[in-house]
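Trainee: Just one file: my_file_15.pdb, with PDB, C-alpha atoms, pLDDT in the B column.
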ATOM      1  CA  MET A   1       0.000   0.000   0.000  1.00 63.00           C
ATOM      2  CA  SER A   2       2.896   2.331   0.682  1.00 73.00           C
ATOM      3  CA  ASP A   3       4.064   1.929  -2.927  1.00 82.00           C
ATOM      4  CA  LEU A   4       0.668   3.097  -4.139  1.00 85.00           C
ATOM      5  CA  PHE A   5       0.930   6.261  -2.039  1.00 80.00           C
ATOM      6  CA  LEU A   6       4.469   6.811  -3.298  1.00 82.00           C
ATOM      7  CA  TRP A   7       3.440   6.510  -6.946  1.00 87.00           C
ATOM      8  CA  CYS A   8       0.460   8.806  -6.397  1.00 86.00           C
ATOM      9  CA  ALA A   9       2.735  11.361  -4.711  1.00 84.00           C
ATOM     10  CA  VAL A  10       5.194  11.215  -7.614  1.00 88.00           C
ATOM     11  CA  ALA A  11       2.348  11.657 -10.120  1.00 90.00           C
ATOM     12  CA  LEU A  12       1.009  14.641  -8.180  1.00 89.00           C
ATOM     13  CA  ALA A  13       4.469  16.158  -7.946  1.00 87.00           C
ATOM     14  CA  LEU A  14       4.825  15.854 -11.714  1.00 90.00           C
ATOM     15  CA  MET A  15       1.387  17.405 -12.209  1.00 91.00           C
ATOM     16  CA  LEU A  16       2.584  20.463 -10.278  1.00 90.00           C
ATOM     17  CA  ILE A  17       4.576  21.386 -13.380  1.00 91.00           C
ATOM     18  CA  PHE A  18       1.459  22.334 -15.374  1.00 91.00           C
ATOM     19  CA  PRO A  19       0.137  24.992 -12.958  1.00 91.00           C
ATOM     20  CA  LEU A  20       3.682  26.332 -12.640  1.00 91.00           C
ATOM     21  CA  ILE A  21       3.802  26.799 -16.408  1.00 91.00           C
ATOM     22  CA  ARG A  22       0.429  28.577 -16.231  1.00 90.00           C
ATOM     23  CA  ILE A  23       1.779  30.882 -13.524  1.00 89.00           C
ATOM     24  CA  VAL A  24       4.920  31.747 -15.486  1.00 90.00           C
ATOM     25  CA  LYS A  25       3.456  31.982 -19.002  1.00 88.00           C
ATOM     26  CA  GLY A  26      -0.109  33.005 -18.183  1.00 81.00           C
ATOM     27  CA  PRO A  27      -1.151  35.829 -20.474  1.00 83.00           C
ATOM     28  CA  THR A  28      -3.426  37.396 -17.862  1.00 82.00           C
ATOM     29  CA  ILE A  29      -3.481  37.886 -14.131  1.00 82.00           C
ATOM     30  CA  TYR A  30      -6.480  35.589 -13.893  1.00 84.00           C
ATOM     31  CA  ASP A  31      -4.505  32.712 -15.408  1.00 87.00           C
ATOM     32  CA  ARG A  32      -1.737  33.217 -12.884  1.00 88.00           C
ATOM     33  CA  LEU A  33      -4.210  33.293  -9.998  1.00 89.00           C
ATOM     34  CA  VAL A  34      -5.904  30.092 -11.146  1.00 90.00           C
ATOM     35  CA  GLY A  35      -2.493  28.438 -11.567  1.00 91.00           C
ATOM     36  CA  ALA A  36      -1.582  29.375  -8.005  1.00 91.00           C
ATOM     37  CA  ALA A  37      -4.875  27.938  -6.743  1.00 92.00           C
ATOM     38  CA  MET A  38      -4.226  24.707  -8.643  1.00 92.00           C
ATOM     39  CA  MET A  39      -0.749  24.423  -7.171  1.00 92.00           C
ATOM     40  CA  GLY A  40      -2.099  24.982  -3.680  1.00 92.00           C
ATOM     41  CA  THR A  41      -4.773  22.330  -4.058  1.00 92.00           C
ATOM     42  CA  LYS A  42      -2.335  19.769  -5.416  1.00 92.00           C
ATOM     43  CA  THR A  43       0.077  20.554  -2.593  1.00 91.00           C
ATOM     44  CA  MET A  44      -2.668  19.947  -0.039  1.00 93.00           C
ATOM     45  CA  VAL A  45      -3.419  16.538  -1.554  1.00 91.00           C
ATOM     46  CA  LEU A  46       0.299  15.783  -1.652  1.00 90.00           C
ATOM     47  CA  LEU A  47       0.533  16.575   2.067  1.00 90.00           C
ATOM     48  CA  LEU A  48      -2.353  14.217   2.767  1.00 90.00           C
ATOM     49  CA  LEU A  49      -0.731  11.436   0.754  1.00 88.00           C
ATOM     50  CA  MET A  50       2.494  11.944   2.662  1.00 87.00           C
ATOM     51  CA  GLY A  51       0.557  11.659   5.918  1.00 89.00           C
ATOM     52  CA  PHE A  52      -1.012   8.369   4.884  1.00 86.00           C
ATOM     53  CA  ALA A  53       2.323   7.012   3.663  1.00 84.00           C
ATOM     54  CA  VAL A  54       4.085   7.923   6.912  1.00 85.00           C
ATOM     55  CA  GLY A  55       1.220   6.683   9.056  1.00 85.00           C
ATOM     56  CA  ARG A  56       0.495  10.017  10.723  1.00 88.00           C
ATOM     57  CA  ALA A  57      -2.560  11.067   8.745  1.00 87.00           C
ATOM     58  CA  ASP A  58      -4.059  12.937  11.709  1.00 89.00           C
ATOM     59  CA  MET A  59      -1.134  15.353  11.922  1.00 91.00           C
ATOM     60  CA  TYR A  60      -0.915  15.909   8.166  1.00 92.00           C
ATOM     61  CA  VAL A  61      -4.660  16.542   7.912  1.00 93.00           C
ATOM     62  CA  ASP A  62      -4.279  19.387  10.398  1.00 92.00           C
ATOM     63  CA  ILE A  63      -1.319  20.780   8.473  1.00 93.00           C
ATOM     64  CA  SER A  64      -3.242  20.501   5.215  1.00 94.00           C
ATOM     65  CA  ILE A  65      -6.253  22.327   6.662  1.00 94.00           C
ATOM     66  CA  GLY A  66      -4.022  25.134   7.922  1.00 95.00           C
ATOM     67  CA  TYR A  67      -2.330  25.349   4.536  1.00 94.00           C
ATOM     68  CA  GLY A  68      -5.726  25.496   2.827  1.00 93.00           C
ATOM     69  CA  LEU A  69      -6.885  28.317   5.085  1.00 95.00           C
ATOM     70  CA  ALA A  70      -3.695  30.257   4.384  1.00 95.00           C
ATOM     71  CA  LEU A  71      -4.294  29.765   0.651  1.00 94.00           C
ATOM     72  CA  LEU A  72      -7.857  30.998   0.990  1.00 93.00           C
ATOM     73  CA  VAL A  73      -6.770  34.163   2.782  1.00 95.00           C
ATOM     74  CA  GLY A  74      -4.020  34.735   0.215  1.00 93.00           C
ATOM     75  CA  HIS A  75      -6.422  34.406  -2.703  1.00 90.00           C
ATOM     76  CA  LEU A  76      -8.957  36.712  -1.069  1.00 91.00           C
ATOM     77  CA  VAL A  77      -6.283  39.352  -0.503  1.00 92.00           C
ATOM     78  CA  THR A  78      -5.074  39.017  -4.087  1.00 89.00           C
ATOM     79  CA  ALA A  79      -8.618  39.273  -5.453  1.00 85.00           C
ATOM     80  CA  LYS A  80      -9.250  42.400  -3.380  1.00 88.00           C
ATOM     81  CA  TYR A  81      -5.985  43.912  -4.620  1.00 87.00           C
ATOM     82  CA  LEU A  82      -6.931  43.198  -8.231  1.00 83.00           C
ATOM     83  CA  GLU A  83     -10.353  44.718  -7.694  1.00 82.00           C
ATOM     84  CA  LYS A  84      -8.927  47.920  -6.200  1.00 84.00           C
ATOM     85  CA  SER A  85      -6.233  48.156  -8.881  1.00 81.00           C
ATOM     86  CA  ALA A  86      -8.826  47.784 -11.614  1.00 76.00           C
ATOM     87  CA  GLU A  87     -10.876  50.600 -10.080  1.00 78.00           C
ATOM     88  CA  ARG A  88      -7.826  52.890 -10.067  1.00 79.00           C
ATOM     89  CA  GLY A  89      -6.829  51.821 -13.567  1.00 73.00           C
ATOM     90  CA  ASP A  90      -3.375  50.598 -12.572  1.00 72.00           C
ATOM     91  CA  LEU A  91      -3.485  47.204 -14.253  1.00 65.00           C
ATOM     92  CA  THR A  92      -3.266  47.293 -18.008  1.00 60.00           C
ATOM     93  CA  ASP A  93      -2.945  43.491 -18.038  1.00 54.00           C
ATOM     94  CA  LEU A  94      -6.283  43.229 -16.252  1.00 50.00           C
ATOM     95  CA  GLU A  95      -7.906  45.602 -18.704  1.00 48.00           C
ATOM     96  CA  ALA A  96      -6.515  43.605 -21.609  1.00 50.00           C
ATOM     97  CA  ALA A  97      -7.971  40.427 -20.118  1.00 52.00           C
ATOM     98  CA  GLU A  98     -11.411  41.998 -19.924  1.00 49.00           C
ATOM     99  CA  GLY A  99     -11.256  43.260 -23.498  1.00 48.00           C
ATOM    100  CA  ASP A 100     -11.464  46.949 -22.538  1.00 45.00           C
ATOM    101  CA  ARG A 101      -8.132  47.852 -24.077  1.00 47.00           C
ATOM    102  CA  LYS A 102      -8.773  49.937 -27.139  1.00 52.00           C
ATOM    103  CA  GLU A 103      -5.973  52.446 -26.710  1.00 54.00           C
ATOM    104  CA  PRO A 104      -2.444  52.200 -25.319  1.00 60.00           C
ATOM    105  CA  ALA A 105      -1.938  52.658 -21.598  1.00 63.00           C
ATOM    106  CA  SER A 106       0.146  55.800 -22.137  1.00 67.00           C
ATOM    107  CA  ALA A 107      -2.667  57.428 -24.152  1.00 66.00           C
ATOM    108  CA  ARG A 108      -5.157  56.542 -21.403  1.00 65.00           C
ATOM    109  CA  ALA A 109      -2.876  58.060 -18.759  1.00 69.00           C
ATOM    110  CA  GLU A 110      -2.525  61.275 -20.784  1.00 74.00           C
ATOM    111  CA  ARG A 111      -6.271  61.468 -21.276  1.00 71.00           C
ATOM    112  CA  ARG A 112      -6.899  61.005 -17.554  1.00 73.00           C
ATOM    113  CA  ALA A 113      -4.308  63.671 -16.712  1.00 77.00           C
ATOM    114  CA  ALA A 114      -5.985  66.101 -19.085  1.00 77.00           C
ATOM    115  CA  GLU A 115      -9.379  65.558 -17.403  1.00 70.00           C
TER     116      GLU A 115
END
Taking this structure as input, can you express it in the form of structure tokens?
Mentor:
Amino acid sequence: MSDLFLWCAVALALMLIFPLIRIVKGPTIYDRLVGAAMMGTKTMVLLLLMGFAVGRADMYVDISIGYGLALLVGHLVTAKYLEKSAERGDLTDLEAAEGDRKEPASARAERRAAE
């Protein structure tokens, strides 16, 4: 049974490569945020598998729950930051993701300064 947990852990560790690619190459901020959420979820499952393989599932479940709560708080803070930045107009990448980009960022900044 321990071999099964080991192979599952190796497969999950290899699957962590795909969200990492999405974080690095993601064309928008949303892609990077989803990639980070995917990495966090896979890491939580990897922690649980390690706990079952070691025989201390109770301890690793607690660690995994704490890690999940920290991820939740981190994603909420990031979402709030993106919302506030979009209201101020600081994120041109966010505007490009929403399809609102019809003029260059420098032209928008000049127009706002003139108003």
Trainee: Pick out the closest residue to Arg32 of chain A from this set: A:Tyr67, A:Phe18, A:Tyr60, A:Trp7. Count only C-alpha atoms.
Mentor: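 So, comparing all the options, the nearest one is A:Phe18.
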Trainee: Check what the PyMOL selection byres ((chain A and resi 2-4) around 9) selects in the file above and give those residues as a list of chain:residue names.
Mentor: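 Given this file, the PyMOL selection byres ((chain A and resi 2-4) around 9) evaluates to A:Met1, A:Phe5, A:Leu6, A:Trp7, A:Cys8, A:Ala9, A:Phe52, A:Ala53, A:Val54.
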Trainee: What does the distance between atom CA of Asp31 of chain A and atom CA of Leu48 of chain A come to in Å, to one decimal place?
Mentor: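 Value for the atom CA of Asp31 of chain A-atom CA of Leu48 of chain A distance: 26.0 Å.
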Trainee: Skip Thr43 of chain A itself and residues of its chain fewer than 6 positions away, then list as a ChimeraX atom specification all residues within 9 Å of it, counting only C-alpha atoms.
Mentor: /A:12-13,16,64,67
Trainee: Between A:Ala86, A:Met44, A:Ala57, A:Ile21, single out the one closest to Leu69 of chain A, counting all atoms listed in the file.
Mentor: A:Met44
Trainee: Measure the distance from atom CA of Pro19 of chain A to atom CA of Gly35 of chain A in Å and round it to one decimal.
Mentor: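 Here the two named atoms are 4.6 Å from each other.
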Trainee: Run the PyMOL selection byres ((chain A and resi 37) around 10) against the file shown and list the residues it catches, as number ranges by chain.
Mentor: A: 19, 23, 31-36, 38-43, 68, 71-72, 74-75
Trainee: So the first atom is atom CA of Met50 of chain A and the second is atom CA of Ile63 of chain A; what is the distance between them in Å, to one decimal place?
Mentor: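 These two atoms are separated by 11.2 Å.
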Trainee: Work out where the centre of an axis-aligned box around every listed atom of segment 42-53 of chain A lies and how long its edges are once 6 Å is added on each side; give both in Å to one decimal as JSON.
Mentor:
{"center_x": -0.5, "center_y": 13.8, "center_z": 0.3, "size_x": 17.9, "size_y": 25.5, "size_z": 23.3}
